[in-house]
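Novice: Provided herewith: my_file.cif, mmCIF, C-alpha atoms and all ligand atoms.
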```
data_structure
loop_
_atom_site.label_atom_id
_atom_site.label_comp_id
_atom_site.auth_asym_id
_atom_site.auth_seq_id
_atom_site.Cartn_x
_atom_site.Cartn_y
_atom_site.Cartn_z
CA MET F 1 -115.73 -18.12 48.36
CA LEU F 2 -113.42 -17.29 51.27
CA THR F 3 -112.05 -13.77 51.51
CA GLN F 4 -108.48 -13.55 50.27
CA VAL F 5 -106.21 -10.82 51.53
CA TYR F 6 -102.83 -9.69 50.23
CA PHE F 7 -100.32 -7.60 52.15
CA ILE F 8 -97.34 -5.72 50.78
CA SER F 9 -95.04 -3.02 52.14
CA ASP F 10 -91.78 -1.14 51.67
CA ILE F 11 -91.74 -0.89 47.91
CA HIS F 12 -90.01 2.50 48.18
CA LEU F 13 -90.98 3.71 44.70
CA HIS F 14 -88.64 6.52 43.70
CA CYS F 15 -89.21 9.73 41.78
CA TYR F 16 -86.55 8.92 39.21
CA ARG F 17 -85.99 6.42 36.44
CA SER F 18 -83.43 3.63 36.65
CA GLU F 19 -83.12 0.05 35.50
CA SER F 20 -83.74 -1.37 38.97
CA GLU F 21 -86.72 0.95 39.42
CA ASN F 22 -88.23 -0.24 36.10
CA ARG F 23 -87.72 -3.85 37.11
CA LYS F 24 -89.31 -3.26 40.52
CA LYS F 25 -92.33 -1.64 38.85
CA ALA F 26 -92.69 -4.49 36.36
CA TYR F 27 -92.81 -7.06 39.18
CA LEU F 28 -95.15 -4.88 41.19
CA PHE F 29 -97.55 -4.43 38.27
CA ASP F 30 -97.65 -8.21 37.77
CA PHE F 31 -98.46 -8.59 41.45
CA PHE F 32 -101.23 -5.99 41.15
CA ASP F 33 -102.59 -7.98 38.20
CA GLU F 34 -102.94 -11.10 40.34
CA VAL F 35 -104.74 -9.19 43.11
CA LYS F 36 -107.02 -7.57 40.51
CA LYS F 37 -107.94 -10.89 38.86
CA LYS F 38 -108.91 -12.33 42.24
CA LYS F 39 -110.82 -9.18 43.24
CA ALA F 40 -109.00 -9.61 46.54
CA ILE F 41 -108.41 -7.25 49.42
CA LEU F 42 -105.02 -5.52 49.43
CA TYR F 43 -103.27 -3.86 52.35
CA ILE F 44 -100.31 -1.64 51.50
CA VAL F 45 -98.58 -1.57 54.87
CA GLY F 46 -96.53 1.62 54.53
CA ASP F 47 -93.58 2.96 52.53
CA MET F 48 -95.03 2.21 49.15
CA PHE F 49 -93.36 5.47 48.12
CA ASP F 50 -89.86 6.45 49.08
CA PHE F 51 -91.36 9.90 49.51
CA TRP F 52 -94.93 11.08 49.26
CA PHE F 53 -96.05 14.52 50.24
CA GLU F 54 -99.48 15.59 49.18
CA TYR F 55 -100.15 19.05 47.82
CA LYS F 56 -103.65 20.34 47.44
CA HIS F 57 -103.81 20.47 43.65
CA MET F 58 -101.15 18.16 42.29
CA ILE F 59 -99.70 14.66 42.37
CA PRO F 60 -96.15 13.58 41.45
CA ARG F 61 -95.89 12.51 37.78
CA HIS F 62 -93.53 9.57 38.39
CA PHE F 63 -96.25 7.71 40.23
CA PHE F 64 -98.90 8.21 37.54
CA LYS F 65 -98.87 4.61 36.27
CA VAL F 66 -98.94 3.03 39.70
CA LEU F 67 -101.81 5.28 40.80
CA HIS F 68 -103.67 4.49 37.58
CA LEU F 69 -103.29 0.73 38.22
CA LEU F 70 -104.53 1.12 41.78
CA GLN F 71 -107.60 2.86 40.45
CA GLU F 72 -108.16 0.04 37.93
CA MET F 73 -107.97 -2.47 40.77
CA VAL F 74 -110.59 -0.57 42.77
CA ASP F 75 -112.80 -0.33 39.65
CA ALA F 76 -112.43 -4.11 39.18
CA GLY F 77 -113.79 -4.68 42.69
CA CYS F 78 -110.71 -4.83 44.90
CA GLU F 79 -110.82 -3.28 48.35
CA ILE F 80 -107.55 -1.45 48.98
CA HIS F 81 -106.18 -0.09 52.24
CA MET F 82 -103.19 2.22 52.47
CA LEU F 83 -101.29 2.52 55.74
CA ALA F 84 -98.86 5.32 56.51
CA GLY F 85 -95.18 4.51 56.57
CA ASN F 86 -92.36 6.69 57.85
CA HIS F 87 -91.44 7.64 54.25
CA ASP F 88 -94.97 8.30 53.09
CA TYR F 89 -96.96 9.54 56.02
CA TRP F 90 -98.11 12.77 54.37
CA PHE F 91 -101.27 11.64 52.63
CA ASP F 92 -104.33 13.84 52.52
CA SER F 93 -107.60 13.35 50.66
CA PHE F 94 -106.25 12.16 47.29
CA PHE F 95 -106.34 8.41 47.98
CA PRO F 96 -109.84 8.23 49.47
CA GLU F 97 -111.47 10.86 47.25
CA GLU F 98 -109.90 10.18 43.84
CA LEU F 99 -109.02 6.49 44.10
CA GLY F 100 -111.50 5.07 46.60
CA ILE F 101 -108.67 3.74 48.76
CA GLU F 102 -108.98 3.90 52.51
CA PHE F 103 -106.04 5.62 54.21
CA HIS F 104 -104.99 4.67 57.74
CA PRO F 105 -102.51 6.94 59.53
CA ASP F 106 -101.82 4.33 62.22
CA SER F 107 -102.50 0.65 62.83
CA VAL F 108 -105.54 -1.23 61.52
CA GLU F 109 -107.52 -4.03 63.13
CA ALA F 110 -109.60 -6.30 60.93
CA THR F 111 -111.29 -9.70 61.00
CA TYR F 112 -111.64 -12.01 58.00
CA ASN F 113 -113.29 -15.45 58.19
CA GLY F 114 -113.07 -15.37 61.97
CA LYS F 115 -109.32 -14.57 62.04
CA SER F 116 -108.25 -11.30 63.60
CA PHE F 117 -105.46 -9.16 62.19
CA TYR F 118 -103.39 -6.36 63.66
CA ILE F 119 -101.72 -4.52 60.80
CA TYR F 120 -99.10 -1.82 61.41
CA HIS F 121 -96.08 -0.35 59.62
CA ALA F 122 -94.42 -0.61 63.05
CA ASP F 123 -91.96 2.25 62.80
CA GLY F 124 -90.82 3.40 66.23
CA ILE F 125 -91.56 0.20 68.17
CA LEU F 126 -87.97 -0.64 69.10
CA LYS F 127 -86.52 0.35 72.48
CA ARG F 128 -83.79 2.42 70.85
CA ASP F 129 -86.35 4.37 68.75
CA ARG F 130 -87.09 6.89 71.51
CA GLY F 131 -85.60 9.83 69.55
CA TYR F 132 -87.48 8.77 66.45
CA ARG F 133 -90.79 8.58 68.33
CA PHE F 134 -90.30 12.22 69.30
CA MET F 135 -89.47 13.18 65.69
CA LYS F 136 -92.55 11.29 64.52
CA LYS F 137 -94.75 13.59 66.61
CA ILE F 138 -93.21 16.66 65.01
CA LEU F 139 -93.33 15.27 61.47
CA ARG F 140 -97.00 14.38 61.88
CA ASN F 141 -97.88 17.72 63.42
CA ARG F 142 -100.54 19.60 61.44
CA PHE F 143 -98.75 22.94 61.74
CA PHE F 144 -95.46 21.47 60.53
CA ILE F 145 -97.24 19.86 57.58
CA SER F 146 -98.98 23.08 56.56
CA LEU F 147 -95.61 24.91 56.69
CA PHE F 148 -93.93 22.21 54.59
CA ARG F 149 -96.74 22.51 52.05
CA LEU F 150 -95.55 26.06 51.32
CA ILE F 151 -92.36 24.63 49.82
CA HIS F 152 -92.50 24.32 46.04
CA PRO F 153 -92.83 20.62 45.03
CA GLY F 154 -89.81 20.95 42.74
CA ILE F 155 -87.78 21.70 45.87
CA SER F 156 -89.39 19.28 48.33
CA PHE F 157 -89.24 16.29 45.96
CA GLY F 158 -85.74 17.39 44.90
CA ILE F 159 -84.59 17.27 48.54
CA ALA F 160 -86.23 13.88 49.02
CA ASN F 161 -84.46 12.51 45.93
CA TYR F 162 -81.14 13.85 47.15
CA ILE F 163 -81.57 12.30 50.60
CA SER F 164 -82.62 8.90 49.23
CA SER F 165 -79.70 8.85 46.79
CA LYS F 166 -77.33 9.46 49.76
CA SER F 167 -78.99 6.90 52.00
CA ARG F 168 -77.00 3.69 52.36
CA HIS F 169 -79.04 2.45 55.28
CA LEU F 170 -80.05 -0.80 53.61
CA THR F 171 -76.65 -1.85 52.34
CA LEU F 172 -74.66 -1.04 55.46
CA ARG F 173 -76.76 -2.72 58.13
CA ASP F 174 -74.78 -4.59 60.73
CA PRO F 175 -75.83 -8.30 60.77
CA ASN F 176 -75.84 -8.39 64.61
CA LEU F 177 -78.11 -5.39 64.71
CA ILE F 178 -80.42 -7.05 62.16
CA GLU F 179 -80.82 -10.13 64.36
CA GLU F 180 -81.39 -7.93 67.41
CA GLU F 181 -84.12 -6.09 65.49
CA ARG F 182 -85.70 -9.36 64.44
CA ARG F 183 -85.72 -10.60 68.06
CA GLU F 184 -87.36 -7.40 69.27
CA LEU F 185 -89.85 -7.47 66.42
CA ILE F 186 -90.83 -11.06 67.26
CA GLU F 187 -91.24 -10.10 70.95
CA TYR F 188 -93.48 -7.23 69.85
CA GLY F 189 -95.57 -9.62 67.73
CA GLN F 190 -95.94 -12.02 70.63
CA THR F 191 -97.19 -9.23 72.92
CA VAL F 192 -99.84 -8.30 70.35
CA ILE F 193 -100.90 -11.93 69.81
CA ASP F 194 -101.12 -12.32 73.61
CA LYS F 195 -103.77 -9.56 73.54
CA GLY F 196 -105.94 -11.88 71.44
CA TYR F 197 -105.07 -11.33 67.77
CA ASP F 198 -104.33 -14.17 65.38
CA PHE F 199 -102.03 -12.45 62.93
CA VAL F 200 -99.70 -9.49 63.35
CA VAL F 201 -98.56 -8.03 60.04
CA THR F 202 -95.71 -5.49 60.02
CA GLY F 203 -93.56 -3.66 57.50
CA HIS F 204 -90.67 -1.24 57.95
CA PHE F 205 -87.89 -3.64 58.96
CA HIS F 206 -87.23 -5.19 55.54
CA LEU F 207 -86.76 -8.51 57.39
CA PRO F 208 -88.91 -11.21 55.76
CA THR F 209 -90.29 -13.09 58.79
CA ASP F 210 -92.96 -15.74 59.14
CA HIS F 211 -92.95 -16.63 62.84
CA PRO F 212 -95.68 -18.90 64.27
CA TYR F 213 -96.77 -18.19 67.84
CA LYS F 214 -99.67 -19.82 69.69
CA ASN F 215 -102.41 -20.23 67.07
CA GLY F 216 -101.22 -17.23 65.09
CA LYS F 217 -98.22 -15.67 63.44
CA LEU F 218 -96.04 -12.62 63.31
CA ILE F 219 -95.32 -11.66 59.72
CA ASN F 220 -92.80 -9.07 58.56
CA LEU F 221 -93.47 -8.32 54.94
CA GLY F 222 -89.84 -7.89 53.88
CA ASP F 223 -89.60 -5.46 50.98
CA TRP F 224 -89.68 -5.01 47.18
CA ILE F 225 -86.09 -3.87 46.96
CA ARG F 226 -84.27 -7.11 47.65
CA TYR F 227 -86.83 -9.76 48.59
CA PHE F 228 -90.06 -9.15 46.62
CA THR F 229 -92.14 -10.66 49.41
CA PHE F 230 -95.81 -10.36 50.30
CA GLY F 231 -98.26 -11.70 52.84
CA TYR F 232 -101.12 -13.87 51.63
CA PHE F 233 -104.19 -14.93 53.60
CA ASP F 234 -106.04 -17.62 51.64
CA GLY F 235 -109.11 -17.43 53.87
CA ARG F 236 -107.78 -19.78 56.55
CA ASN F 237 -104.04 -19.44 56.82
CA MET F 238 -101.59 -16.62 56.50
CA GLN F 239 -98.12 -16.95 55.06
CA LEU F 240 -95.21 -14.96 53.73
CA CYS F 241 -94.64 -15.60 50.03
CA TYR F 242 -91.93 -14.70 47.53
CA TRP F 243 -93.09 -13.23 44.23
CA ASP F 244 -91.94 -15.48 41.39
CA ARG F 245 -89.63 -13.21 39.44
CA ASN F 246 -89.21 -15.70 36.60
CA SER F 247 -92.81 -15.24 35.61
CA LEU F 248 -92.50 -11.64 34.48
CA LYS F 249 -95.38 -11.00 32.08
CA LYS F 250 -94.71 -7.42 31.10
CA SER F 251 -91.60 -6.56 29.10
CA LEU F 252 -89.06 -4.42 30.93
MN MN A 301 -90.56 2.27 57.02
#
```
Please re-express this file's structure in structure tokens.
Specialist:
Amino acid sequence: MLTQVYFISDIHLHCYRSESENRKKAYLFDFFDEVKKKKAILYIVGDMFDFWFEYKHMIPRHFFKVLHLLQEMVDAGCEIHMLAGNHDYWFDSFFPEELGIEFHPDSVEATYNGKSFYIYHADGILKRDRGYRFMKKILRNRFFISLFRLIHPGISFGIANYISSKSRHLTLRDPNLIEEERRELIEYGQTVIDKGYDFVVTGHFHLPTDHPYKNGKLINLGDWIRYFTFGYFDGRNMQLCYWDRNSLKKSL
């Protein structure tokens, strides 16, 4: 049987309960179920969590169920890869050691059935992201991380919740800016495909995109806030799919 690979990103799971959060989780768990049944490969291409910061001895309780399901998928024979996003860069040894999930702090290159993939959250690739690229270096600095770890989790996760509740980034985006971002993202994908890859899979932009170029494609995975989109490689072809939200199996 041909290797099947699923890709998902930007789920932005929050550390609080709400109706929309419960709905998002219900859809996500159904999606996980499909991947598990197929014993497929899954790439989580960044920002699965709206905030993840790993302490040495503890994990955040609100993510217990999702972590448990990931472990069940691994036990069932799925191979799972977790890429860093800009909201959830601060992973340590928990995913590889406790869950058997490979963590990738940057981009990943892989080949399945003769097709080559370049997989990247793709934060900081835009021309206007210069300031962010500088911040990224600080935020990923080992010394900074060890200082941040001294903050009590009640405070650090509290701050993260406060910031995400104030963030209106997604609802206030200027449509012109969105199209400019999509253009630049497609250009970026073309540059990578020109280097010899078949498929470029990105997250971060929340702009569902399935753009053929040469013999390959640039895919932006959209998100699980508004679009509920995922990438699916059936062994030969890659496409962006929309999760069927009418087929909810679990009760909300
Ligand atoms: Mn992101």
Novice: When the cut-off is 6 Å and you count only C-alpha atoms and all ligand atoms, which residues lie near ligand MN 301 (chain A), shown as a PDB file with C-alpha atoms, in the frame of the given file?
Specialist:
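Generated output (out-v6.pdb):
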```pdb
ATOM      1  CA  ASP F  47     -93.580   2.960  52.530  1.00  0.00           C
ATOM      2  CA  GLY F  85     -95.180   4.510  56.570  1.00  0.00           C
ATOM      3  CA  ASN F  86     -92.360   6.690  57.850  1.00  0.00           C
ATOM      4  CA  ASP F 123     -91.960   2.250  62.800  1.00  0.00           C
ATOM      5  CA  HIS F 204     -90.670  -1.240  57.950  1.00  0.00           C
TER       6      HIS F 204
END
```
Novice: So how many Å separate atom CA of Leu139 of chain F and atom CA of Trp52 of chain F, to one decimal?
Specialist: 13.0 Å
Novice: Could you work out how far atom CA of Lys214 of chain F lies from atom CA of Val5 of chain F, giving the answer in Å with one decimal?
Specialist: 21.3 Å
Novice: Quick one: residues within 12 Å of segment 60-65 of chain F, all atoms listed in the file counted, chain neighbours fewer than 4 positions away excluded, as number ranges by chain?
Specialist: F: 12-18, 21-22, 25-26, 28-29, 32, 48-56, 69-72, 94, 153-154, 156-158
Novice: Would you save the residues of that selection, restricted to C-alpha atoms, as a PDB file, in the frame of the given file?
Specialist:
```pdb
ATOM      1  CA  HIS F  12     -90.010   2.500  48.180  1.00  0.00           C
ATOM      2  CA  LEU F  13     -90.980   3.710  44.700  1.00  0.00           C
ATOM      3  CA  HIS F  14     -88.640   6.520  43.700  1.00  0.00           C
ATOM      4  CA  CYS F  15     -89.210   9.730  41.780  1.00  0.00           C
ATOM      5  CA  TYR F  16     -86.550   8.920  39.210  1.00  0.00           C
ATOM      6  CA  ARG F  17     -85.990   6.420  36.440  1.00  0.00           C
ATOM      7  CA  SER F  18     -83.430   3.630  36.650  1.00  0.00           C
ATOM      8  CA  GLU F  21     -86.720   0.950  39.420  1.00  0.00           C
ATOM      9  CA  ASN F  22     -88.230  -0.240  36.100  1.00  0.00           C
ATOM     10  CA  LYS F  25     -92.330  -1.640  38.850  1.00  0.00           C
ATOM     11  CA  ALA F  26     -92.690  -4.490  36.360  1.00  0.00           C
ATOM     12  CA  LEU F  28     -95.150  -4.880  41.190  1.00  0.00           C
ATOM     13  CA  PHE F  29     -97.550  -4.430  38.270  1.00  0.00           C
ATOM     14  CA  PHE F  32    -101.230  -5.990  41.150  1.00  0.00           C
ATOM     15  CA  MET F  48     -95.030   2.210  49.150  1.00  0.00           C
ATOM     16  CA  PHE F  49     -93.360   5.470  48.120  1.00  0.00           C
ATOM     17  CA  ASP F  50     -89.860   6.450  49.080  1.00  0.00           C
ATOM     18  CA  PHE F  51     -91.360   9.900  49.510  1.00  0.00           C
ATOM     19  CA  TRP F  52     -94.930  11.080  49.260  1.00  0.00           C
ATOM     20  CA  PHE F  53     -96.050  14.520  50.240  1.00  0.00           C
ATOM     21  CA  GLU F  54     -99.480  15.590  49.180  1.00  0.00           C
ATOM     22  CA  TYR F  55    -100.150  19.050  47.820  1.00  0.00           C
ATOM     23  CA  LYS F  56    -103.650  20.340  47.440  1.00  0.00           C
ATOM     24  CA  LEU F  69    -103.290   0.730  38.220  1.00  0.00           C
ATOM     25  CA  LEU F  70    -104.530   1.120  41.780  1.00  0.00           C
ATOM     26  CA  GLN F  71    -107.600   2.860  40.450  1.00  0.00           C
ATOM     27  CA  GLU F  72    -108.160   0.040  37.930  1.00  0.00           C
ATOM     28  CA  PHE F  94    -106.250  12.160  47.290  1.00  0.00           C
ATOM     29  CA  PRO F 153     -92.830  20.620  45.030  1.00  0.00           C
ATOM     30  CA  GLY F 154     -89.810  20.950  42.740  1.00  0.00           C
ATOM     31  CA  SER F 156     -89.390  19.280  48.330  1.00  0.00           C
ATOM     32  CA  PHE F 157     -89.240  16.290  45.960  1.00  0.00           C
ATOM     33  CA  GLY F 158     -85.740  17.390  44.900  1.00  0.00           C
TER      34      GLY F 158
END
```
Novice: Nearest residue to Phe144 of chain F out of F:Trp90, F:Phe199, F:Leu240, F:Lys39, using all atoms listed in the file?
Specialist: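 Distance minimum relative to Phe144 of chain F lands on F:Trp90.
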Novice: Pick from F:Tyr27, F:Gly231, F:Glu19, F:Thr202: nearest to Asn246 of chain F, with all atoms listed in the file counted?
Specialist: F:Tyr27
Novice: Which residues are close to Phe117 of chain F, i.e. within 10 Å by all atoms listed in the file, leaving aside same-chain residues fewer than 5 positions away? Reply as an NGL selection string.
Specialist: :F and (108-112 or 192-193 or 196-201 or 216-217)
Novice: For a test of reading the model, state the distance in Å between atom CA of Ala40 of chain F and atom CA of Thr191 of chain F, rounded to one decimal.
Specialist: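 Calculated distance between atom CA of Ala40 of chain F and atom CA of Thr191 of chain F is 28.9 Å.
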Novice: Given the choices F:Gly189, F:Ile41, F:Ala76, F:Arg128, which gets closest to Asp234 of chain F if the distance is worked out from all atoms listed in the file?
Specialist: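 Looking at the shortest contact to Asp234 of chain F, the residue is F:Ile41.
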Novice: Of the candidates F:Ser247, F:Tyr89, F:Tyr120, F:Phe134, which one gets nearest to Leu221 of chain F if we count only C-alpha atoms?
Specialist: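 Comparing F:Ser247, F:Tyr89, F:Tyr120, F:Phe134 against Leu221 of chain F, the winner is F:Tyr120.
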Novice: I need segment 118-203 of chain F written out with C-alpha atoms, as a PDB file, in the first residue's frame; please produce it.
Specialist:
```pdb
ATOM      1  CA  TYR F 118       9.589  20.705   1.986  1.00  0.00           C
ATOM      2  CA  ILE F 119       7.522  21.294   5.106  1.00  0.00           C
ATOM      3  CA  TYR F 120       7.787  24.519   7.111  1.00  0.00           C
ATOM      4  CA  HIS F 121       5.572  26.637   9.370  1.00  0.00           C
ATOM      5  CA  ALA F 122       6.987  29.554   7.337  1.00  0.00           C
ATOM      6  CA  ASP F 123       6.803  32.305   9.938  1.00  0.00           C
ATOM      7  CA  GLY F 124       9.147  35.160   9.097  1.00  0.00           C
ATOM      8  CA  ILE F 125       9.439  34.558   5.341  1.00  0.00           C
ATOM      9  CA  LEU F 126       7.781  37.789   4.204  1.00  0.00           C
ATOM     10  CA  LYS F 127       9.842  40.848   3.255  1.00  0.00           C
ATOM     11  CA  ARG F 128       8.174  42.962   5.937  1.00  0.00           C
ATOM     12  CA  ASP F 129       8.965  40.364   8.656  1.00  0.00           C
ATOM     13  CA  ARG F 130      12.476  41.703   9.297  1.00  0.00           C
ATOM     14  CA  GLY F 131      11.643  42.863  12.846  1.00  0.00           C
ATOM     15  CA  TYR F 132       9.972  39.551  13.575  1.00  0.00           C
ATOM     16  CA  ARG F 133      12.992  37.577  12.345  1.00  0.00           C
ATOM     17  CA  PHE F 134      15.086  39.433  14.912  1.00  0.00           C
ATOM     18  CA  MET F 135      12.539  38.731  17.669  1.00  0.00           C
ATOM     19  CA  LYS F 136      12.497  35.075  16.639  1.00  0.00           C
ATOM     20  CA  LYS F 137      16.207  34.817  17.420  1.00  0.00           C
ATOM     21  CA  ILE F 138      15.664  36.213  20.905  1.00  0.00           C
ATOM     22  CA  LEU F 139      12.592  34.095  21.619  1.00  0.00           C
ATOM     23  CA  ARG F 140      14.441  30.949  20.574  1.00  0.00           C
ATOM     24  CA  ASN F 141      17.537  31.827  22.556  1.00  0.00           C
ATOM     25  CA  ARG F 142      18.435  29.190  25.151  1.00  0.00           C
ATOM     26  CA  PHE F 143      19.222  31.752  27.845  1.00  0.00           C
ATOM     27  CA  PHE F 144      15.922  33.567  27.318  1.00  0.00           C
ATOM     28  CA  ILE F 145      14.055  30.258  27.505  1.00  0.00           C
ATOM     29  CA  SER F 146      15.746  29.204  30.733  1.00  0.00           C
ATOM     30  CA  LEU F 147      14.872  32.604  32.272  1.00  0.00           C
ATOM     31  CA  PHE F 148      11.246  32.307  31.150  1.00  0.00           C
ATOM     32  CA  ARG F 149      11.095  28.846  32.708  1.00  0.00           C
ATOM     33  CA  LEU F 150      11.571  30.480  36.122  1.00  0.00           C
ATOM     34  CA  ILE F 151       8.140  32.091  35.779  1.00  0.00           C
ATOM     35  CA  HIS F 152       5.401  30.139  37.538  1.00  0.00           C
ATOM     36  CA  PRO F 153       3.159  28.375  34.944  1.00  0.00           C
ATOM     37  CA  GLY F 154       0.074  29.956  36.510  1.00  0.00           C
ATOM     38  CA  ILE F 155       1.531  33.318  35.506  1.00  0.00           C
ATOM     39  CA  SER F 156       3.033  32.434  32.111  1.00  0.00           C
ATOM     40  CA  PHE F 157      -0.100  30.644  30.855  1.00  0.00           C
ATOM     41  CA  GLY F 158      -2.228  33.411  32.424  1.00  0.00           C
ATOM     42  CA  ILE F 159      -0.329  36.028  30.401  1.00  0.00           C
ATOM     43  CA  ALA F 160      -0.662  33.937  27.244  1.00  0.00           C
ATOM     44  CA  ASN F 161      -4.439  33.625  27.775  1.00  0.00           C
ATOM     45  CA  TYR F 162      -4.731  37.357  28.319  1.00  0.00           C
ATOM     46  CA  ILE F 163      -2.782  38.163  25.154  1.00  0.00           C
ATOM     47  CA  SER F 164      -4.745  35.717  22.997  1.00  0.00           C
ATOM     48  CA  SER F 165      -8.064  37.037  24.313  1.00  0.00           C
ATOM     49  CA  LYS F 166      -6.962  40.572  23.285  1.00  0.00           C
ATOM     50  CA  SER F 167      -5.657  39.508  19.895  1.00  0.00           C
ATOM     51  CA  ARG F 168      -7.956  40.477  17.036  1.00  0.00           C
ATOM     52  CA  HIS F 169      -5.367  39.768  14.380  1.00  0.00           C
ATOM     53  CA  LEU F 170      -7.499  37.253  12.514  1.00  0.00           C
ATOM     54  CA  THR F 171     -10.708  39.243  12.373  1.00  0.00           C
ATOM     55  CA  LEU F 172      -9.199  42.587  11.421  1.00  0.00           C
ATOM     56  CA  ARG F 173      -6.956  41.594   8.533  1.00  0.00           C
ATOM     57  CA  ASP F 174      -7.039  43.956   5.603  1.00  0.00           C
ATOM     58  CA  PRO F 175      -8.152  42.067   2.427  1.00  0.00           C
ATOM     59  CA  ASN F 176      -5.476  43.814   0.299  1.00  0.00           C
ATOM     60  CA  LEU F 177      -2.811  42.763   2.732  1.00  0.00           C
ATOM     61  CA  ILE F 178      -4.130  39.187   2.646  1.00  0.00           C
ATOM     62  CA  GLU F 179      -3.776  39.023  -1.137  1.00  0.00           C
ATOM     63  CA  GLU F 180      -0.302  40.552  -0.920  1.00  0.00           C
ATOM     64  CA  GLU F 181       0.654  37.874   1.607  1.00  0.00           C
ATOM     65  CA  ARG F 182      -0.745  35.152  -0.620  1.00  0.00           C
ATOM     66  CA  ARG F 183       1.248  36.475  -3.606  1.00  0.00           C
ATOM     67  CA  GLU F 184       4.465  36.527  -1.590  1.00  0.00           C
ATOM     68  CA  LEU F 185       3.752  33.094  -0.171  1.00  0.00           C
ATOM     69  CA  ILE F 186       3.227  31.668  -3.666  1.00  0.00           C
ATOM     70  CA  GLU F 187       6.496  33.293  -4.836  1.00  0.00           C
ATOM     71  CA  TYR F 188       8.241  31.682  -1.872  1.00  0.00           C
ATOM     72  CA  GLY F 189       6.766  28.289  -2.789  1.00  0.00           C
ATOM     73  CA  GLN F 190       7.910  28.656  -6.382  1.00  0.00           C
ATOM     74  CA  THR F 191      11.479  29.428  -5.270  1.00  0.00           C
ATOM     75  CA  VAL F 192      11.523  26.257  -3.163  1.00  0.00           C
ATOM     76  CA  ILE F 193      10.036  24.118  -5.962  1.00  0.00           C
ATOM     77  CA  ASP F 194      12.664  25.588  -8.327  1.00  0.00           C
ATOM     78  CA  LYS F 195      15.303  24.079  -6.014  1.00  0.00           C
ATOM     79  CA  GLY F 196      13.923  20.637  -6.889  1.00  0.00           C
ATOM     80  CA  TYR F 197      11.115  19.832  -4.440  1.00  0.00           C
ATOM     81  CA  ASP F 198       7.726  18.564  -5.545  1.00  0.00           C
ATOM     82  CA  PHE F 199       5.539  19.839  -2.740  1.00  0.00           C
ATOM     83  CA  VAL F 200       5.951  22.810  -0.419  1.00  0.00           C
ATOM     84  CA  VAL F 201       3.671  22.640   2.609  1.00  0.00           C
ATOM     85  CA  THR F 202       3.295  25.728   4.817  1.00  0.00           C
ATOM     86  CA  GLY F 203       1.202  26.878   7.756  1.00  0.00           C
TER      87      GLY F 203
END
```
